[in-house]
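**Student:** Handing you a structure now.
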Amino acid sequence: MKDTFTRVFEQFSWEELKTSIASKTDRDVELALTKSGGRNLHDFMALVSPAAAPYLESMAKLSYSLTRKRFGNTIQLYAPLYVSNECQNICTYCGFSYDHKLKRKTLSDIEFGEELLALKKLGFDHLLLVSGEANKTVGVDYFKNVLQLSRNTFSHLSLEVQPLDQPEYEELIAEGLDAVLVYQETYHRKNYRIHHPKGKKSNFVYRLETPDRLGAAGIDKIGLGALLGLEDWRVDSTFTALHLTYLRKKYWKTSYSISFPRLRPAEGVTHGPSDVGERELTQLICAFRIFDEDLELSLSTRESQYYRDNVVTLGPTTMSAGSKTEPGGYTNPKRALEQFSTSDERSPSQVIKMLERKGLEPVWKNWDSALSVAI
Amino acid sequence: MSKLVIAGKEFASRLFLGTGKFSSVDVMRESVIASETNLVTLALKRIQLKEKRDNMVEALQVPGVDLLPNTSGAKSVREAVFSAELAREALQTNWLKLEIHPDPKYLMPDPVETFAAAEELVKKGFVVLPYVHADPVLCKRLEDVGVAAVMPLGAPIGSNKGLTTRDMLEIIIDQSSVPVVVDAGIGVPSHAAQALEMGADAVLVNTAIAVASDPVRMAGAFASAVQAGRSAYEAGPGAIQMTASASSPLTSFLE
């Protein structure tokens, strides 16, 4: 592709953005909070800056009301289904990393079918299929097969797998794929190599341009995010906001979501302590909502029950519940196989009771596969 | 003030002028000069194509001012494309303001014909600036086929009503990757200033200047308003008021 996000990305320097965020003042934050029109990247930077910390309550109120205005009192529910933990990448923070002595497993058709049934029984209708990166065993053909197996049972199908080429995405969209989540992990180009020393994933630019290939393929929804805790979360989030702005203008028929994966403990991983506490995460969620009123914000079971129950009304629109992060986890849980340990381990029905107590309606189905043709 | 760039060409002024309705060619020329514009549009139908010289074209030979022929009068793709090709030949420019309005009373732009004509003209190598309704999706579709800017209307043409399509213009400005020139309906300089304050890249004004009691002075007033509006936009307007603070805290769970 000739004109991609890389061209925009290269106009920004990590250090300059970092300095700019650090220099934001009370005034910048107040302006960002009280503007009547749309908010720009500078406003976003003010909202994620240290200067915004004392304004968290005001941010939460604004984020709450914008979310209710745009999305009403609803929360969309989805479940991740891990199809494989095979992976040829080395990622210093991930349980599936190639160098970990983890038992590797890829679901067979029968096992996959059993997982589908188990999730369906729990009530789910939106499915997120997840894998590591093992192109030979879990490549496009595998994904085509699992999409075919799922599409009659589930209404909305998403993938969170290795980045693919545009024609491959086109093939998968034809099989009913609705959305793809691809997190840059970090926009710090130099340190990206340190966190991803080996495997296809070490190609920073290929990953960076994945949303471009998805947009060009006509995908219905793209999910973005940075892995919080890997590098400076304020700068990484600003790059995410920049990426989002670029994509919205260029691939204007696509909708977008942001996820907030915070580093979690995983088998064989000893990553340093993260500076993204719950206050900071809340600040970030509210900043994205105030920056972009139409954005879907997703909250996973990486976060604790207590935190999820309280933050759920402030900005998120989508939530997983009762997630298992190992292949086969819904029918045959084996913790030794998981990508990371979840924190909120409640069942979907318990989460639903909580949502109802909060006055939020859980939405299981918000799409129909009949509508899934490439745009 | 930052410079406006359309299709690689820089414009110091963000005010474009139309050339119809002036009481004389001289007043038109004086108004063009007073407005400090760099781009004026003129209807191909007004030009004497058969003569070697044309009064209007000659009067518009002002240093720093480029001509933007328009297809006013065209009612269909075929007529617009024909008119564009004549204009390119006659005025030696591939820049074109595309206007297709089949209805002679309100002169409302036809979105279907305009879209099809824009697609064809871009392929033929024109720098196309289409005049359209303030329709955000249409503007994105036009951008996708390669137009150099979009020119949504602020109000019915010649109505002097101002930015009655404001809500839609805001969306267009927010979404657009090409310059947005608010065209039609701008009746007084404050309307032009408002458009620039909102983030419009430029405005095109005709009637408001041409039919003013003193068009030359009015042209100068528009020049000042456009500059003020753009400066205000670049300066970043202040907040209207702090939001009122409701009682029960939402973030006490973080304490």
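Chain identifiers are assigned as A, B, and so on, following the order in which chains appear in the structure tokens; residues are numbered from 1 within each chain, and ligands are numbered from 1 in order of appearance.
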Could you give me, as a PyMOL selection string, each residue of segment 10-244 of chain B that DSSP assigns to strand (DSSP E) when run on this structure's backbone?
**Tutor:** chain B and resi 10-11+15-18+39-43+66-70+95-98+127-132+151-152+181-183+202-205
**Student:** Can you tell me, as a PyMOL selection string, what residues are no more than 6 Å from Leu157 of chain A when counting only C-alpha atoms, ignoring any on the same chain fewer than 3 positions away?
**Tutor:** chain A and resi 127+177-178
**Student:** Using C-alpha atoms, can you write the selected residues to a file as a PDB file, in the first residue's frame?
**Tutor:**
```pdb
ATOM      1  CA  LEU A 127     -17.661 -14.252  19.497  1.00  0.00           C
ATOM      2  CA  LEU A 177     -15.783 -12.019   9.565  1.00  0.00           C
ATOM      3  CA  ASP A 178     -17.125  -8.775  11.060  1.00  0.00           C
TER       4      ASP A 178
END
```
**Student:** I need the helix (DSSP H, G or I) residues of segment 49-185 of chain A per DSSP on the backbone, written as a ChimeraX atom specification.
**Tutor:** /A:50-71,109-122,140-150,166-174
**Student:** Could you save those same residues with C-alpha atoms as a CSV table (one decimal), in the first residue's frame?
**Tutor:**
```csv
chain,number,residue,atom,x,y,z
A,50,PRO,CA,-0.7,14.3,34.8
A,51,ALA,CA,-2.4,17.7,34.9
A,52,ALA,CA,-5.8,16.0,34.4
A,53,ALA,CA,-5.4,13.8,37.5
A,54,PRO,CA,-7.2,16.3,39.8
A,55,TYR,CA,-10.0,16.5,37.2
A,56,LEU,CA,-10.8,12.8,37.2
A,57,GLU,CA,-14.3,13.3,38.8
A,58,SER,CA,-15.2,15.9,36.1
A,59,MET,CA,-13.9,13.7,33.4
A,60,ALA,CA,-15.9,10.7,34.8
A,61,LYS,CA,-19.1,12.8,34.9
A,62,LEU,CA,-18.7,14.0,31.3
A,63,SER,CA,-17.7,10.6,30.1
A,64,TYR,CA,-20.7,9.0,31.8
A,65,SER,CA,-23.1,11.4,30.3
A,66,LEU,CA,-21.6,11.2,26.8
A,67,THR,CA,-21.7,7.4,26.9
A,68,ARG,CA,-25.3,7.3,28.0
A,69,LYS,CA,-26.3,9.9,25.4
A,70,ARG,CA,-24.7,7.9,22.6
A,71,PHE,CA,-25.1,4.3,23.7
A,109,ASP,CA,-13.1,-29.2,14.7
A,110,ILE,CA,-14.7,-31.3,17.3
A,111,GLU,CA,-13.1,-29.4,20.2
A,112,PHE,CA,-14.0,-26.1,18.6
A,113,GLY,CA,-17.6,-27.2,18.2
A,114,GLU,CA,-17.8,-28.1,21.8
A,115,GLU,CA,-16.4,-24.7,22.9
A,116,LEU,CA,-19.0,-23.0,20.6
A,117,LEU,CA,-21.8,-25.0,22.2
A,118,ALA,CA,-20.5,-24.2,25.7
A,119,LEU,CA,-20.4,-20.5,25.0
A,120,LYS,CA,-23.8,-20.5,23.3
A,121,LYS,CA,-25.3,-22.2,26.4
A,122,LEU,CA,-23.9,-19.3,28.5
A,140,VAL,CA,-6.0,-18.3,6.9
A,141,ASP,CA,-7.3,-21.8,6.1
A,142,TYR,CA,-7.8,-22.5,9.7
A,143,PHE,CA,-9.6,-19.2,10.3
A,144,LYS,CA,-11.8,-19.8,7.3
A,145,ASN,CA,-12.8,-23.1,8.7
A,146,VAL,CA,-13.6,-21.8,12.2
A,147,LEU,CA,-15.6,-18.9,10.8
A,148,GLN,CA,-17.6,-21.3,8.7
A,149,LEU,CA,-18.2,-23.5,11.8
A,150,SER,CA,-19.3,-20.4,13.9
A,166,GLN,CA,-5.3,-7.6,2.6
A,167,PRO,CA,-6.5,-10.4,0.2
A,168,GLU,CA,-6.5,-12.7,3.2
A,169,TYR,CA,-8.8,-10.4,5.1
A,170,GLU,CA,-11.0,-10.1,2.0
A,171,GLU,CA,-11.3,-13.9,2.0
A,172,LEU,CA,-12.2,-14.0,5.7
A,173,ILE,CA,-14.7,-11.2,5.4
A,174,ALA,CA,-16.4,-13.3,2.7
```
**Student:** Tell me which protein, DNA and RNA residues are within 7 Å of Gln184 of chain A, counting only C-alpha atoms, leaving out same-chain ones fewer than 5 positions away, and put them as a CSV table (one decimal) with C-alpha atoms, in the first residue's frame.
**Tutor:**
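Final output, result.csv:
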```csv
chain,number,residue,atom,x,y,z
A,207,ARG,CA,1.8,-4.5,12.3
A,208,LEU,CA,1.3,-0.7,12.2
A,225,GLY,CA,-5.2,-0.5,21.6
A,226,ALA,CA,-1.8,-0.5,23.2
```
**Student:** Just the residues within 10 Å of Glu197 of chain B, please, counting only C-alpha atoms, with nothing from its chain fewer than 4 positions along; format it as a ChimeraX atom specification.
**Tutor:** /B:191-193,201,226-237
**Student:** Could you please tell me, as JSON, numbers by chain, which residues of chain A have an atom within 9 Å of chain B when using only C-alpha atoms?
**Tutor:** {"A": [30, 31, 32, 33, 34, 35, 36, 37, 38, 56, 57, 58, 60, 61, 62, 64, 248, 249, 250, 252, 278, 279, 282, 306, 307, 310, 311, 314]}
**Student:** Name the residues in contact with Lys75 of chain B at a cut-off of 10 Å, using only C-alpha atoms, excluding same-chain residues fewer than 3 positions from it; report them as number ranges by chain.
**Tutor:** B: 71-72, 78-80, 99-104, 109-110, 113-114
**Student:** If you count only C-alpha atoms, which residues fall within 12 Å of segment 9-14 of chain A, apart from same-chain ones fewer than 6 positions away, as a PDB file with N, CA and C atoms, in the first residue's frame?
**Tutor:**
```pdb
ATOM      1  N   ASP A   3      -0.151   4.714   0.537  1.00  0.00           N
ATOM      2  CA  ASP A   3      -0.406   5.759   1.519  1.00  0.00           C
ATOM      3  C   ASP A   3      -1.008   5.148   2.782  1.00  0.00           C
ATOM      4  N   SER A  20       5.350  17.217  25.376  1.00  0.00           N
ATOM      5  CA  SER A  20       4.133  18.003  25.195  1.00  0.00           C
ATOM      6  C   SER A  20       3.049  17.582  26.201  1.00  0.00           C
ATOM      7  N   ILE A  21       2.915  16.287  26.421  1.00  0.00           N
ATOM      8  CA  ILE A  21       1.919  15.798  27.395  1.00  0.00           C
ATOM      9  C   ILE A  21       2.286  16.284  28.804  1.00  0.00           C
ATOM     10  N   THR A 186       2.953  -1.457  21.458  1.00  0.00           N
ATOM     11  CA  THR A 186       3.515  -0.133  21.727  1.00  0.00           C
ATOM     12  C   THR A 186       3.862   0.568  20.417  1.00  0.00           C
ATOM     13  N   TYR A 187       3.735   1.891  20.434  1.00  0.00           N
ATOM     14  CA  TYR A 187       4.114   2.706  19.275  1.00  0.00           C
ATOM     15  C   TYR A 187       5.557   3.202  19.402  1.00  0.00           C
ATOM     16  N   HIS A 188       6.223   2.741  20.461  1.00  0.00           N
ATOM     17  CA  HIS A 188       7.628   3.101  20.618  1.00  0.00           C
ATOM     18  C   HIS A 188       8.442   2.185  19.715  1.00  0.00           C
ATOM     19  N   ARG A 189       8.852   2.709  18.569  1.00  0.00           N
ATOM     20  CA  ARG A 189       9.397   1.869  17.519  1.00  0.00           C
ATOM     21  C   ARG A 189      10.648   1.112  17.959  1.00  0.00           C
ATOM     22  N   LYS A 190      11.507   1.818  18.668  1.00  0.00           N
ATOM     23  CA  LYS A 190      12.771   1.200  19.060  1.00  0.00           C
ATOM     24  C   LYS A 190      12.543   0.104  20.109  1.00  0.00           C
ATOM     25  N   ASN A 191      11.771   0.435  21.098  1.00  0.00           N
ATOM     26  CA  ASN A 191      11.555  -0.546  22.164  1.00  0.00           C
ATOM     27  C   ASN A 191      10.632  -1.678  21.747  1.00  0.00           C
ATOM     28  N   PHE A 204       7.592  -4.146  12.982  1.00  0.00           N
ATOM     29  CA  PHE A 204       6.784  -3.047  13.529  1.00  0.00           C
ATOM     30  C   PHE A 204       5.833  -2.456  12.483  1.00  0.00           C
ATOM     31  N   VAL A 205       6.394  -2.169  11.304  1.00  0.00           N
ATOM     32  CA  VAL A 205       5.600  -1.463  10.297  1.00  0.00           C
ATOM     33  C   VAL A 205       4.470  -2.336   9.754  1.00  0.00           C
ATOM     34  N   LEU A 208       1.855  -2.056  12.199  1.00  0.00           N
ATOM     35  CA  LEU A 208       1.309  -0.695  12.219  1.00  0.00           C
ATOM     36  C   LEU A 208       0.329  -0.467  11.060  1.00  0.00           C
ATOM     37  N   GLU A 209       0.606  -1.101   9.947  1.00  0.00           N
ATOM     38  CA  GLU A 209      -0.231  -0.879   8.757  1.00  0.00           C
ATOM     39  C   GLU A 209      -1.376  -1.890   8.642  1.00  0.00           C
ATOM     40  N   GLU A 231       5.171   0.505  27.821  1.00  0.00           N
ATOM     41  CA  GLU A 231       5.921   1.761  27.720  1.00  0.00           C
ATOM     42  C   GLU A 231       5.053   2.834  28.364  1.00  0.00           C
ATOM     43  N   ASP A 232       5.444   4.089  28.227  1.00  0.00           N
ATOM     44  CA  ASP A 232       4.655   5.192  28.797  1.00  0.00           C
ATOM     45  C   ASP A 232       3.224   5.159  28.235  1.00  0.00           C
ATOM     46  N   TRP A 233       2.268   4.856  29.095  1.00  0.00           N
ATOM     47  CA  TRP A 233       0.884   4.675  28.613  1.00  0.00           C
ATOM     48  C   TRP A 233       0.289   5.955  28.036  1.00  0.00           C
ATOM     49  N   ARG A 234       0.765   7.113  28.540  1.00  0.00           N
ATOM     50  CA  ARG A 234       0.192   8.375  28.038  1.00  0.00           C
ATOM     51  C   ARG A 234       0.590   8.594  26.583  1.00  0.00           C
ATOM     52  N   VAL A 235       1.833   8.301  26.275  1.00  0.00           N
ATOM     53  CA  VAL A 235       2.303   8.493  24.892  1.00  0.00           C
ATOM     54  C   VAL A 235       1.704   7.427  23.989  1.00  0.00           C
ATOM     55  N   ASP A 236       1.704   6.183  24.448  1.00  0.00           N
ATOM     56  CA  ASP A 236       1.128   5.116  23.627  1.00  0.00           C
ATOM     57  C   ASP A 236      -0.346   5.381  23.317  1.00  0.00           C
ATOM     58  N   SER A 237      -1.068   5.895  24.300  1.00  0.00           N
ATOM     59  CA  SER A 237      -2.493   6.178  24.075  1.00  0.00           C
ATOM     60  C   SER A 237      -2.670   7.342  23.111  1.00  0.00           C
ATOM     61  N   THR A 238      -1.755   8.302  23.184  1.00  0.00           N
ATOM     62  CA  THR A 238      -1.848   9.429  22.251  1.00  0.00           C
ATOM     63  C   THR A 238      -1.623   8.942  20.820  1.00  0.00           C
ATOM     64  N   PHE A 239      -0.679   8.036  20.647  1.00  0.00           N
ATOM     65  CA  PHE A 239      -0.480   7.464  19.310  1.00  0.00           C
ATOM     66  C   PHE A 239      -1.713   6.664  18.880  1.00  0.00           C
ATOM     67  N   THR A 240      -2.328   5.976  19.825  1.00  0.00           N
ATOM     68  CA  THR A 240      -3.546   5.235  19.496  1.00  0.00           C
ATOM     69  C   THR A 240      -4.635   6.199  19.024  1.00  0.00           C
ATOM     70  N   ALA A 241      -4.749   7.331  19.718  1.00  0.00           N
ATOM     71  CA  ALA A 241      -5.756   8.339  19.331  1.00  0.00           C
ATOM     72  C   ALA A 241      -5.436   8.914  17.954  1.00  0.00           C
ATOM     73  N   LEU A 242      -4.162   9.102  17.693  1.00  0.00           N
ATOM     74  CA  LEU A 242      -3.734   9.603  16.377  1.00  0.00           C
ATOM     75  C   LEU A 242      -4.078   8.590  15.289  1.00  0.00           C
ATOM     76  N   HIS A 243      -3.802   7.333  15.587  1.00  0.00           N
ATOM     77  CA  HIS A 243      -4.104   6.240  14.648  1.00  0.00           C
ATOM     78  C   HIS A 243      -5.605   6.206  14.350  1.00  0.00           C
ATOM     79  N   LEU A 244      -6.374   6.313  15.409  1.00  0.00           N
ATOM     80  CA  LEU A 244      -7.831   6.309  15.279  1.00  0.00           C
ATOM     81  C   LEU A 244      -8.317   7.461  14.399  1.00  0.00           C
ATOM     82  N   THR A 245      -7.771   8.644  14.642  1.00  0.00           N
ATOM     83  CA  THR A 245      -8.188   9.823  13.875  1.00  0.00           C
ATOM     84  C   THR A 245      -7.896   9.622  12.392  1.00  0.00           C
ATOM     85  N   TYR A 246      -6.705   9.105  12.130  1.00  0.00           N
ATOM     86  CA  TYR A 246      -6.316   8.838  10.740  1.00  0.00           C
ATOM     87  C   TYR A 246      -7.279   7.831  10.097  1.00  0.00           C
TER      88      TYR A 246
END
```
**Student:** Within 12 Å of Arg346 of chain A, counting only C-alpha atoms, which residues show up once you throw out same-chain ones fewer than 6 positions away? Write them as an MDAnalysis selection string, please.
**Tutor:** chainID A and resid 301:306 308:309 320:324 352:354
**Student:** Figure out the distance between atom CA of Tyr251 of chain A and atom CA of Met108 of chain B, please, to one decimal in Å.
**Tutor:**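 The value is 28.9 Å.
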**Student:** Of the residues B:Ala200, B:Leu39, B:Ile33, B:Leu67, which is the one nearest to Ile172 of chain B, using only C-alpha atoms?
**Tutor:**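 Of the candidates, the smallest distance to Ile172 of chain B is held by B:Ala200.
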**Student:** Nearest to Asp294 of chain A among A:Pro197, A:Gly176, A:Gly329, A:Gly72, with distances taken over only C-alpha atoms: which residue is it?
**Tutor:**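 Looking only at the distances to Asp294 of chain A, the closest residue turns out to be A:Gly72.
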